[in-house]
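Shown next: input.txt, containing compact mmCIF, C-alpha atoms.
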```txt
# COMPACT_ATOMS: atom_id res chain seq x y z
CA MET A 11 93.60 109.89 108.65
CA GLU A 12 95.93 107.29 107.13
CA VAL A 13 93.16 104.68 107.04
CA PHE A 14 90.79 107.20 105.42
CA ASN A 15 93.38 108.18 102.82
CA GLN A 16 94.16 104.53 102.07
CA LEU A 17 90.46 103.79 101.55
CA ILE A 18 90.06 106.75 99.20
CA TYR A 19 93.21 105.80 97.28
CA ASP A 20 92.10 102.16 96.93
CA PHE A 21 88.70 103.25 95.62
CA ALA A 22 90.24 105.72 93.16
CA ALA A 23 92.79 103.15 91.97
CA TRP A 24 89.95 100.67 91.39
CA VAL A 25 87.98 103.27 89.38
CA ASP A 26 91.14 103.92 87.36
CA THR A 27 91.12 100.28 86.20
CA HIS A 28 87.82 100.86 84.38
CA GLN A 29 88.07 100.92 80.60
CA TRP A 30 85.55 103.78 80.39
CA SER A 31 87.63 105.86 82.79
CA THR A 32 90.66 105.55 80.52
CA ALA A 33 88.57 106.12 77.40
CA LEU A 34 87.08 109.31 78.84
CA HIS A 35 90.47 110.59 79.98
CA GLU A 36 92.10 109.91 76.62
CA SER A 37 89.26 111.22 74.46
CA PHE A 38 90.14 114.64 73.14
CA TYR A 39 86.58 115.67 72.27
CA VAL A 40 84.44 114.06 74.98
CA TYR A 41 86.67 115.05 77.90
CA ASN A 42 86.90 118.63 76.63
CA TRP A 43 83.12 118.79 76.12
CA VAL A 44 82.53 117.54 79.66
CA GLU A 45 84.99 120.06 81.09
CA SER A 46 83.60 122.91 78.98
CA THR A 47 80.04 122.07 80.01
CA HIS A 48 81.13 122.05 83.66
CA VAL A 49 82.60 125.55 83.28
CA VAL A 50 79.86 127.09 81.13
CA ALA A 51 77.15 125.67 83.44
CA LEU A 52 78.57 128.09 86.03
CA THR A 53 76.53 130.80 84.32
CA LEU A 54 73.32 128.88 84.97
CA SER A 55 74.02 127.62 88.48
CA ILE A 56 76.14 130.28 90.15
CA GLY A 57 74.83 133.03 87.88
CA MET A 58 71.28 132.53 89.18
CA LEU A 59 72.54 131.99 92.75
CA PHE A 60 74.55 135.23 92.74
CA LEU A 61 71.53 137.14 91.42
CA ILE A 62 69.46 135.86 94.35
CA ASP A 63 72.23 136.64 96.86
CA LEU A 64 72.85 140.11 95.42
CA ARG A 65 69.10 140.79 95.62
CA MET A 66 69.10 139.86 99.30
CA LEU A 67 71.97 142.30 99.83
CA GLY A 68 70.13 145.04 97.93
CA LEU A 69 72.75 145.21 95.20
CA ALA A 70 70.82 143.94 92.17
CA MET A 71 67.28 143.50 90.83
CA VAL A 72 65.92 145.58 93.76
CA ASP A 73 62.65 146.35 91.96
CA ILE A 74 61.67 142.68 92.02
CA PRO A 75 60.33 141.13 95.28
CA ALA A 76 63.14 139.09 96.80
CA SER A 77 61.27 135.88 97.54
CA THR A 78 59.68 135.94 94.08
CA LEU A 79 63.07 136.28 92.43
CA ALA A 80 64.44 133.44 94.57
CA ARG A 81 61.51 131.18 93.66
CA ARG A 82 61.63 131.95 89.93
CA LEU A 83 65.36 131.52 89.56
CA SER A 84 65.49 128.33 91.64
CA LEU A 85 64.57 125.99 88.80
CA PRO A 86 67.28 127.14 86.34
CA MET A 87 69.72 127.27 89.26
CA PHE A 88 69.02 123.65 90.23
CA LEU A 89 69.19 122.64 86.59
CA GLY A 90 72.64 124.23 86.40
CA PHE A 91 73.79 122.52 89.60
CA THR A 92 72.53 119.17 88.31
CA VAL A 93 74.61 119.60 85.15
CA MET A 94 77.62 120.60 87.24
CA ILE A 95 77.29 117.58 89.56
CA ILE A 96 77.02 115.16 86.62
CA THR A 97 79.96 116.71 84.75
CA GLY A 98 81.95 116.97 87.98
CA LEU A 99 81.47 113.26 88.66
CA LEU A 100 82.52 112.49 85.09
CA LEU A 101 85.66 114.60 85.49
CA PHE A 102 86.49 112.68 88.66
CA TYR A 103 85.77 109.38 86.88
CA ALA A 104 88.17 110.30 84.07
CA ILE A 105 91.14 111.01 86.37
CA PRO A 106 90.19 109.40 89.71
CA VAL A 107 93.52 109.06 91.53
CA ARG A 108 94.86 112.56 90.87
CA SER A 109 91.42 114.02 91.61
CA ALA A 110 91.04 112.06 94.87
CA GLN A 111 94.50 113.23 95.96
CA SER A 112 94.01 116.84 94.91
CA LEU A 113 94.23 119.13 97.95
CA TRP A 114 92.16 121.72 96.11
CA LEU A 115 89.38 119.26 95.26
CA ARG A 116 89.21 118.14 98.89
CA ILE A 117 88.94 121.75 100.07
CA LYS A 118 86.34 122.34 97.33
CA LEU A 119 84.23 119.40 98.53
CA VAL A 120 84.33 120.68 102.13
CA LEU A 121 83.26 124.11 100.89
CA LEU A 122 80.48 122.55 98.79
CA PHE A 123 79.19 120.80 101.90
CA ALA A 124 79.35 124.06 103.86
CA ALA A 125 77.56 125.90 101.04
CA ALA A 126 74.83 123.26 101.01
CA ILE A 127 74.30 123.63 104.78
CA ASN A 128 74.21 127.40 104.39
CA ALA A 129 71.67 127.10 101.56
CA TRP A 130 69.43 124.85 103.67
CA LEU A 131 69.58 127.26 106.62
CA PHE A 132 68.95 130.21 104.29
CA HIS A 133 65.91 128.54 102.78
CA ARG A 134 64.54 127.73 106.24
CA ARG A 135 65.06 131.31 107.44
CA MET A 136 63.43 132.69 104.30
CA SER A 137 60.37 130.49 104.86
CA THR A 138 59.94 131.72 108.43
CA ALA A 139 60.82 135.38 107.80
CA GLY A 140 57.36 136.38 106.59
CA ARG A 141 56.77 138.65 103.58
CA SER A 142 56.93 142.13 105.08
CA TRP A 143 60.48 142.64 103.83
CA ASP A 144 59.85 141.25 100.34
CA THR A 145 59.70 144.58 98.53
CA ALA A 146 62.34 146.24 100.73
CA VAL A 147 65.67 146.97 99.10
CA LYS A 148 67.52 144.70 101.54
CA ALA A 149 66.42 141.47 103.18
CA PRO A 150 66.49 141.00 107.00
CA MET A 151 70.01 140.85 108.50
CA ARG A 152 70.00 137.05 109.00
CA LEU A 153 69.24 136.54 105.32
CA GLN A 154 71.89 139.08 104.34
CA VAL A 155 74.44 137.12 106.40
CA GLY A 156 73.34 133.92 104.65
CA ALA A 157 73.65 135.58 101.24
CA SER A 158 77.12 136.96 102.08
CA LEU A 159 78.27 133.54 103.25
CA SER A 160 76.85 132.00 100.09
CA ILE A 161 78.79 134.38 97.85
CA THR A 162 81.96 133.81 99.90
CA PHE A 163 81.66 130.01 99.77
CA TRP A 164 81.01 129.96 96.03
CA VAL A 165 83.84 132.35 95.21
CA LEU A 166 86.20 130.08 97.18
CA ILE A 167 84.73 127.01 95.45
CA VAL A 168 85.40 128.50 92.00
CA ILE A 169 88.96 129.44 93.06
CA CYS A 170 89.63 125.91 94.37
CA GLY A 171 88.15 124.45 91.20
CA ARG A 172 90.50 126.54 89.08
CA LEU A 173 93.51 125.59 91.19
CA ILE A 174 92.90 121.82 90.74
CA ALA A 175 94.72 122.08 87.40
CA TYR A 176 97.93 123.21 89.12
CA ASP A 177 100.27 120.53 90.42
CA TRP A 178 101.98 122.46 93.23
CA PHE A 179 100.73 120.07 95.94
CA ASP A 180 100.40 116.87 93.90
CA CYS A 181 101.72 113.72 95.59
CA ARG A 182 104.41 113.26 92.94
CA ALA A 183 105.70 116.76 93.81
CA GLU A 184 106.64 115.31 97.24
CA PRO A 185 104.92 117.93 99.41
CA SER A 186 105.49 118.28 103.17
CA SER A 187 104.07 115.52 105.38
CA PHE A 188 101.26 117.82 106.55
CA ILE A 189 100.17 118.64 102.97
CA ALA A 190 100.67 115.02 101.93
CA ALA A 191 98.33 113.88 104.72
CA LEU A 192 95.69 116.48 103.80
CA ALA A 193 95.96 115.58 100.11
CA GLY A 194 95.68 111.88 100.86
CA CYS A 195 99.10 110.76 99.55
CA VAL A 196 99.76 107.13 100.41
CA ALA A 197 103.30 105.87 101.11
CA GLY A 198 104.62 103.74 98.30
CA GLN A 199 101.70 104.43 95.99
CA GLU A 200 102.04 103.78 92.27
CA ALA A 201 102.65 106.64 89.89
CA PHE A 202 99.49 107.28 87.86
CA MET B 164 69.07 159.54 64.80
CA GLY B 165 66.48 159.02 62.06
CA PRO B 166 64.58 155.74 61.67
CA TYR B 167 66.96 154.37 59.06
CA THR B 168 70.25 155.87 60.24
CA ARG B 169 70.87 153.06 62.74
CA THR B 170 69.94 150.40 60.16
CA ILE B 171 72.32 151.94 57.63
CA SER B 172 75.06 152.19 60.27
CA VAL B 173 74.70 148.52 61.25
CA GLY B 174 74.74 147.57 57.58
CA ALA B 175 77.88 149.64 57.05
CA VAL B 176 79.61 147.91 59.98
CA ILE B 177 78.74 144.50 58.54
CA VAL B 178 80.00 145.46 55.07
CA PHE B 179 83.19 146.89 56.56
CA GLY B 180 83.67 143.73 58.58
CA LEU B 181 83.28 141.53 55.52
CA VAL B 182 85.70 143.64 53.47
CA PHE B 183 88.17 143.57 56.36
CA ALA B 184 87.86 139.80 56.79
CA LEU B 185 88.07 138.88 53.13
CA THR B 186 90.91 141.16 52.05
CA GLY B 187 94.56 141.52 53.00
CA ALA B 188 93.63 144.24 55.49
CA ARG B 189 93.09 141.58 58.13
CA HIS B 190 96.60 140.16 57.84
CA THR B 191 98.18 143.61 57.67
CA THR B 192 96.38 144.66 60.84
CA TRP B 193 97.40 141.44 62.59
CA GLU B 194 101.06 142.04 61.76
CA ALA B 195 100.81 145.63 62.94
CA LEU B 196 99.54 144.43 66.34
CA LEU B 197 102.64 142.32 67.07
CA PRO B 198 104.58 145.17 68.79
CA LEU B 199 101.57 145.78 71.04
CA PHE B 200 101.48 142.13 72.16
CA GLU B 201 105.25 142.08 72.67
CA TRP B 202 104.89 145.18 74.87
CA MET B 203 102.00 143.63 76.84
CA GLU B 204 104.27 140.89 78.17
CA THR B 205 106.62 143.52 79.62
CA THR B 206 103.89 145.39 81.52
CA PRO B 207 103.41 144.83 85.29
CA PRO B 208 100.38 142.53 84.76
CA GLY B 209 102.39 140.55 82.23
CA VAL B 210 105.41 140.19 84.51
CA ILE B 211 103.27 139.30 87.54
CA SER B 212 101.31 136.69 85.54
CA GLN B 213 104.48 135.05 84.27
CA SER B 214 106.31 135.16 87.59
CA TYR B 215 103.51 134.06 89.91
CA GLY B 216 101.30 131.25 88.68
CA ALA B 217 98.99 131.72 91.66
CA ALA B 218 98.31 135.34 90.65
CA PHE B 219 97.33 134.24 87.16
CA ALA B 220 95.12 131.46 88.58
CA LEU B 221 93.35 133.86 90.98
CA VAL B 222 92.68 136.38 88.23
CA GLU B 223 91.42 133.54 86.05
CA ALA B 224 89.03 132.49 88.84
CA ALA B 225 87.83 136.12 89.09
CA HIS B 226 87.26 136.02 85.31
CA LEU B 227 85.11 132.89 85.75
CA ILE B 228 83.10 134.44 88.59
CA ALA B 229 82.46 137.58 86.51
CA MET B 230 81.44 135.27 83.64
CA ALA B 231 78.93 133.57 85.94
CA VAL B 232 77.39 136.92 86.93
CA LEU B 233 77.36 138.19 83.33
CA GLY B 234 75.82 134.91 82.19
CA GLY B 235 73.19 135.19 84.89
CA ALA B 236 72.30 138.75 83.83
CA VAL B 237 72.12 137.73 80.16
CA LEU B 238 70.01 134.64 80.93
CA VAL B 239 67.53 136.61 83.04
CA ALA B 240 67.19 139.44 80.50
CA ASP B 241 66.99 137.22 77.43
CA GLY B 242 64.85 134.69 79.26
CA ARG B 243 62.39 137.52 79.92
CA LEU B 244 62.52 138.61 76.26
CA LEU B 245 61.72 135.04 75.25
CA GLY B 246 58.88 134.91 77.77
CA LEU B 247 60.47 132.08 79.74
CA ILE B 248 61.16 133.73 83.09
CA LEU B 249 59.70 136.48 85.33
CA ARG B 250 56.79 136.82 82.91
CA ASP B 251 54.59 138.64 85.41
CA PHE B 252 57.09 141.47 85.85
CA PRO B 253 57.28 144.45 83.51
CA LEU B 254 59.83 143.87 80.78
CA ARG B 255 61.32 147.34 81.28
CA ARG B 256 62.04 146.63 84.97
CA VAL B 257 63.77 143.32 84.33
CA LEU B 258 65.84 144.71 81.43
CA ASP B 259 67.02 147.81 83.30
CA GLN B 260 67.96 145.89 86.44
CA SER B 261 69.83 143.14 84.60
CA HIS B 262 71.62 145.62 82.32
CA ARG B 263 73.22 147.30 85.32
CA LEU B 264 74.61 143.99 86.51
CA PHE B 265 75.67 143.13 82.96
CA VAL B 266 77.77 146.31 82.62
CA TRP B 267 79.62 145.77 85.91
CA SER B 268 80.37 142.13 85.19
CA LEU B 269 81.47 142.94 81.62
CA ALA B 270 83.88 145.54 83.00
CA ALA B 271 85.27 142.97 85.45
CA MET B 272 85.67 140.41 82.66
CA ILE B 273 87.50 142.86 80.41
CA LEU B 274 89.86 143.93 83.22
CA THR B 275 90.68 140.36 84.23
CA GLY B 276 90.86 139.30 80.59
CA VAL B 277 93.42 142.00 79.76
CA PHE B 278 95.47 140.98 82.83
CA MET B 279 95.54 137.36 81.70
CA ALA B 280 96.26 138.29 78.08
CA CYS B 281 99.30 140.28 79.22
CA GLY B 282 100.68 137.14 80.83
CA VAL B 283 100.40 135.04 77.69
CA ALA B 284 100.33 137.79 75.07
CA LEU B 285 102.53 136.22 72.41
CA LYS B 286 100.94 132.83 72.88
CA VAL B 287 97.42 134.17 72.27
CA TYR B 288 98.65 136.43 69.46
CA TYR B 289 99.40 133.34 67.40
CA LEU B 290 96.19 131.52 68.40
CA ASN B 291 93.37 131.78 65.86
CA VAL B 292 90.75 131.02 68.53
CA PHE B 293 91.83 134.08 70.55
CA TRP B 294 90.95 136.30 67.60
CA TYR B 295 87.64 134.47 67.16
CA LYS B 296 86.86 135.31 70.78
CA MET B 297 87.83 138.95 70.29
CA LEU B 298 85.57 139.06 67.23
CA ALA B 299 82.70 137.51 69.22
CA LEU B 300 83.32 139.89 72.15
CA VAL B 301 83.38 143.00 69.94
CA THR B 302 80.22 141.76 68.20
CA GLY B 303 78.57 141.25 71.58
CA VAL B 304 79.50 144.68 72.89
CA LEU B 305 78.42 146.45 69.66
CA PHE B 306 75.19 144.44 69.63
CA VAL B 307 74.31 145.33 73.23
CA PHE B 308 75.14 149.04 73.11
CA PHE B 309 74.25 149.92 69.51
CA VAL B 310 71.41 147.56 68.61
CA ARG B 311 69.73 145.97 71.63
CA ARG B 312 69.86 148.84 74.12
CA PRO B 313 68.64 151.53 71.68
CA LEU B 314 65.87 149.22 70.49
CA LEU B 315 64.70 148.39 73.99
CA ARG B 316 65.13 151.88 75.43
CA GLY B 317 61.77 153.02 74.05
CA ASP B 318 58.30 151.68 74.70
CA VAL B 319 59.06 147.96 74.78
CA GLU B 320 55.46 146.98 75.30
CA ASN B 321 54.66 148.13 71.74
CA ILE B 322 57.52 146.27 70.05
CA ASN B 323 56.58 143.21 68.02
CA PRO B 324 57.02 140.20 70.38
CA GLN B 325 58.66 138.22 67.56
CA LEU B 326 61.33 140.92 67.25
CA LEU B 327 61.92 140.79 71.00
CA ARG B 328 62.39 137.02 70.79
CA LEU B 329 64.79 137.43 67.88
CA VAL B 330 66.86 139.89 69.91
CA GLY B 331 66.88 137.48 72.85
CA ILE B 332 67.99 134.54 70.72
CA ALA B 333 70.69 136.61 68.97
CA SER B 334 72.00 137.81 72.32
CA LEU B 335 72.17 134.28 73.75
CA MET B 336 73.99 132.99 70.66
CA ILE B 337 76.54 135.81 70.71
CA TRP B 338 77.40 135.48 74.41
CA PHE B 339 77.48 131.70 74.18
CA SER B 340 80.02 132.11 71.35
CA VAL B 341 82.13 134.35 73.57
CA ALA B 342 82.09 131.76 76.37
CA ALA B 343 82.75 128.83 74.02
CA THR B 344 85.67 130.48 72.21
CA GLY B 345 87.05 131.57 75.57
CA ARG B 346 86.93 127.99 76.79
CA TRP B 347 88.49 126.84 73.52
CA ILE B 348 91.53 129.05 74.20
CA GLY B 349 92.24 126.87 77.20
CA PHE B 350 92.43 123.79 74.99
CA SER B 351 94.73 125.39 72.43
CA GLY B 352 98.49 125.57 72.66
```

Mind converting the file's structure to structure tokens?
Amino acid sequence: MEVFNQLIYDFAAWVDTHQWSTALHESFYVYNWVESTHVVALTLSIGMLFLIDLRMLGLAMVDIPASTLARRLSLPMFLGFTVMIITGLLLFYAIPVRSAQSLWLRIKLVLLFAAAINAWLFHRRMSTAGRSWDTAVKAPMRLQVGASLSITFWVLIVICGRLIAYDWFDCRAEPSSFIAALAGCVAGQEAF
Amino acid sequence: MGPYTRTISVGAVIVFGLVFALTGARHTTWEALLPLFEWMETTPPGVISQSYGAAFALVEAAHLIAMAVLGGAVLVADGRLLGLILRDFPLRRVLDQSHRLFVWSLAAMILTGVFMACGVALKVYYLNVFWYKMLALVTGVLFVFFVRRPLLRGDVENINPQLLRLVGIASLMIWFSVAATGRWIGFSG
């Protein structure tokens, strides 16, 4: 764990030496535009995703065949996620060390990975589930479980994303050794 | 209502709004609201928000999630009006289904928004951008329930497609303004 944290810290500290990183961080307009785009793109990415998940659970858009809705909303959803990934990387690039040592960002990345696995499994199950359930109010149970997990993961991801701004577990707040290890604090690190 | 009653009513609201905005009535009303905002900070949501940062952050996250769902409902409905999405499904079906989701998510946003406002009531009272957002939100709600919904409640298939597109574009602009001014609050003060 220590070696992993040291590697991450060294990488983030190196990124922090970039002139563009500092320029982005210190720019009032560009940084705020990037952050705003990241937040507003939620409506495109997660908005479409939640509509698909709620359809699978029989809670929204029940008059529209489920697989058709999923197919049609996939393109705007992926467009939204693309925007969020690009703006997310830029936000990391602007403040690399604090971001890399943010407990909430680390949890968020684990949840993103879990959500991606869930999405892949969901897509595979939907492909093999046939079309007999397409016009039913609710999808088959396995797809409902996938949709429920999807909603849960993404709600937790949004919560973690919001909590990144809070410094309760930042390294400079001298958290417990357990939290410090999870957050990636390195002994004797510079103050950024 | 007769064919021109709604048009006259909308016109009257616009004229009233302009008179309100351009005269001293706006400032007088703002001053009269100060006791309300002072009281908001003493309510249970206000005290909880100020005492527990985590509570405020969680409610804020709920506000964002509701925004995502509302945005999704708006994008699907207006995308259909603009002929960009779900084109092979009846307009009526898409509008009715997305409106239901829109109402629930709007309710969630208003509840979480009031909770957060109680926590920072005096701060937002003195922020111009907060009032811009309230203006945009009121415009959005009035537009949906008194212009868009009545217009689209009838036989939508016989409405001029250009008018439908205009309604879709207006709706997208209004709700984008609400989101943008809301985001702007976070950068102010």

Between A:Ala76, A:Ile105, A:Ala149, A:Leu89, which residue has the minimum interatomic distance to A:Thr32, considering all atoms listed in the file? A:Ile105

Once you count only C-alpha atoms, what closest atom pair and distance in Å to one decimal does each residue of chain A within 8 Å of chain B have, with rows by chain and rising residue number, as a tab-separated table?
```
residue	atom	partner	partner_atom	distance
A:Asn42	CA	B:Phe350	CA	7.7
A:Ser46	CA	B:Arg346	CA	6.5
A:Val50	CA	B:Ala342	CA	7.0
A:Leu52	CA	B:Ala231	CA	5.5
A:Thr53	CA	B:Ala231	CA	4.0
A:Leu54	CA	B:Gly235	CA	6.3
A:Ile56	CA	B:Ala231	CA	6.0
A:Gly57	CA	B:Gly235	CA	4.0
A:Met58	CA	B:Gly235	CA	5.4
A:Phe60	CA	B:Val232	CA	6.7
A:Leu61	CA	B:Gly235	CA	7.0
A:Ala70	CA	B:Gln260	CA	6.7
A:Met71	CA	B:Gln260	CA	5.0
A:Val72	CA	B:Gln260	CA	7.6
A:Asp73	CA	B:Arg256	CA	7.0
A:Ile74	CA	B:Phe252	CA	7.8
A:Leu79	CA	B:Leu249	CA	7.9
A:Arg82	CA	B:Leu249	CA	6.7
A:Val165	CA	B:Ile228	CA	7.0
A:Val168	CA	B:Ala224	CA	6.3
A:Ile169	CA	B:Ala224	CA	5.2
A:Arg172	CA	B:Ala224	CA	6.1
A:Leu173	CA	B:Ala220	CA	6.6
```

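Every protein, DNA or RNA residue with an atom at most 9 Å from A:Ala139, where only C-alpha atoms count and chain neighbours fewer than 4 positions away do not, is listed here: Arg134, Arg135, Trp143, Pro150 and Leu153 of chain A.
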
Long-range neighbours of A:Val93 as a VMD selection string, 12 Å cut-off, all atoms listed in the file, 2 positions minimum in chain: chain A and resid 44 to 56 86 to 91 95 to 100

Taking all atoms of stretch 19-23 of chain A that appear in the file, build a box with edges along x, y and z, extend it by 3 Å on every side, and state its centre and edge lengths in Å to one decimal, as JSON.
```
{"center_x": 91.0, "center_y": 104.0, "center_z": 94.6, "size_x": 10.5, "size_y": 9.6, "size_z": 11.3}
```

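The environment of B:Leu274 within 12 Å, counting all atoms listed in the file and disregarding residues fewer than 2 places along the same chain, consists of Pro208, Val222, Glu223, Ala225, His226, Ala229, Trp267, Ser268, Leu269, Ala270, Ala271, Met272, Gly276, Val277, Phe278, Met279, Ala280 and Cys281 of chain B.
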
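If you look at atom CA of B:Thr206 and atom CA of B:Ala284, they are 10.6 Å away from each other.
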
Compile the contact shell of A:His133 as a short mmCIF file (atom, residue, chain, number, x, y, z; two decimals) with C-alpha atoms, in the frame of the given file: residues with an atom at most 12 Å away, counting only C-alpha atoms, same-chain residues fewer than 4 positions apart removed.
```
data_model
loop_
_atom_site.label_atom_id
_atom_site.label_comp_id
_atom_site.auth_asym_id
_atom_site.auth_seq_id
_atom_site.Cartn_x
_atom_site.Cartn_y
_atom_site.Cartn_z
CA ILE A 62 69.46 135.86 94.35
CA ASP A 63 72.23 136.64 96.86
CA SER A 77 61.27 135.88 97.54
CA ALA A 80 64.44 133.44 94.57
CA ARG A 81 61.51 131.18 93.66
CA SER A 84 65.49 128.33 91.64
CA ALA A 126 74.83 123.26 101.01
CA ILE A 127 74.30 123.63 104.78
CA ASN A 128 74.21 127.40 104.39
CA ALA A 129 71.67 127.10 101.56
CA SER A 137 60.37 130.49 104.86
CA THR A 138 59.94 131.72 108.43
CA ALA A 139 60.82 135.38 107.80
CA ARG A 152 70.00 137.05 109.00
CA LEU A 153 69.24 136.54 105.32
CA GLY A 156 73.34 133.92 104.65
CA ALA A 157 73.65 135.58 101.24
CA SER A 160 76.85 132.00 100.09
#
```

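Here atom CA of A:Val120 is placed at a distance of 26.8 Å from atom CA of A:Thr27.
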
Between atom CA of A:Pro106 and atom CA of A:Ala191 - distance in Å to one decimal: 17.7 Å

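Comparing B:Leu196, B:Val304, B:Leu181, B:Leu329 by their smallest distance to B:Tyr289, the closest is B:Leu196 (using only C-alpha atoms).
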
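Closest approach to A:Glu12 among A:Met66, A:Leu83, A:Ala125, A:Ala193 is made by A:Ala193 (distances from only C-alpha atoms).
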
Name all residues at most 10 Å from A:Leu17 (count all atoms listed in the file; drop same-chain ones fewer than 5 positions away) and give them as a ChimeraX atom specification. /A:11-12,22-23,194,196

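Here the question is which of A:Tyr103, A:Trp114, A:Phe21, A:Trp30 gets nearest to A:Asp177 using all atoms listed in the file, and that residue is A:Trp114.
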
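Nearest-residue note for A:Phe163: choosing from A:Ala175, A:Val25, A:Leu119, A:Cys195, the minimum distance belongs to A:Leu119, counting only C-alpha atoms.
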
Please reconstruct the missing atoms of stretch 51-72 of chain A (target: N, CA and C atoms) and return them as a short mmCIF file (atom, residue, chain, number, x, y, z; two decimals), keeping the file's coordinate frame.
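What follows is the written file rebuild_30.cif:
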```cif
data_model
loop_
_atom_site.label_atom_id
_atom_site.label_comp_id
_atom_site.auth_asym_id
_atom_site.auth_seq_id
_atom_site.Cartn_x
_atom_site.Cartn_y
_atom_site.Cartn_z
N ALA A 51 78.34 125.82 82.57
CA ALA A 51 77.15 125.67 83.44
C ALA A 51 77.24 126.55 84.68
N LEU A 52 78.42 127.10 84.95
CA LEU A 52 78.57 128.09 86.03
C LEU A 52 77.59 129.24 85.84
N THR A 53 77.39 129.64 84.58
CA THR A 53 76.53 130.80 84.32
C THR A 53 75.11 130.51 84.77
N LEU A 54 74.68 129.25 84.60
CA LEU A 54 73.32 128.88 84.97
C LEU A 54 73.22 128.70 86.49
N SER A 55 74.12 127.94 87.06
CA SER A 55 74.02 127.62 88.48
C SER A 55 74.41 128.82 89.35
N ILE A 56 75.66 129.20 89.28
CA ILE A 56 76.14 130.28 90.15
C ILE A 56 75.63 131.64 89.68
N GLY A 57 75.40 131.77 88.39
CA GLY A 57 74.83 133.03 87.88
C GLY A 57 73.50 133.32 88.54
N MET A 58 72.60 132.36 88.55
CA MET A 58 71.28 132.53 89.18
C MET A 58 71.44 132.72 90.70
N LEU A 59 72.34 131.91 91.30
CA LEU A 59 72.54 131.99 92.75
C LEU A 59 73.04 133.37 93.16
N PHE A 60 74.01 133.91 92.41
CA PHE A 60 74.55 135.23 92.74
C PHE A 60 73.49 136.31 92.58
N LEU A 61 72.61 136.16 91.59
CA LEU A 61 71.53 137.14 91.42
C LEU A 61 70.62 137.14 92.65
N ILE A 62 70.31 135.95 93.15
CA ILE A 62 69.46 135.86 94.35
C ILE A 62 70.18 136.47 95.55
N ASP A 63 71.46 136.12 95.72
CA ASP A 63 72.23 136.64 96.86
C ASP A 63 72.38 138.16 96.78
N LEU A 64 72.68 138.66 95.58
CA LEU A 64 72.85 140.11 95.42
C LEU A 64 71.52 140.84 95.67
N ARG A 65 70.41 140.20 95.32
CA ARG A 65 69.10 140.79 95.62
C ARG A 65 68.89 140.90 97.11
N MET A 66 69.25 139.84 97.84
CA MET A 66 69.10 139.86 99.30
C MET A 66 69.94 140.98 99.92
N LEU A 67 71.08 141.26 99.31
CA LEU A 67 71.97 142.30 99.83
C LEU A 67 71.60 143.69 99.30
N GLY A 68 70.57 143.75 98.46
CA GLY A 68 70.13 145.04 97.93
C GLY A 68 71.04 145.61 96.87
N LEU A 69 71.78 144.73 96.18
CA LEU A 69 72.75 145.21 95.20
C LEU A 69 72.33 144.97 93.75
N ALA A 70 71.26 144.20 93.54
CA ALA A 70 70.82 143.94 92.17
C ALA A 70 69.35 143.57 92.16
N MET A 71 68.68 143.87 91.06
CA MET A 71 67.28 143.50 90.83
C MET A 71 66.38 143.96 91.98
N VAL A 72 66.62 145.14 92.54
CA VAL A 72 65.92 145.58 93.76
C VAL A 72 64.45 145.89 93.52
#
```
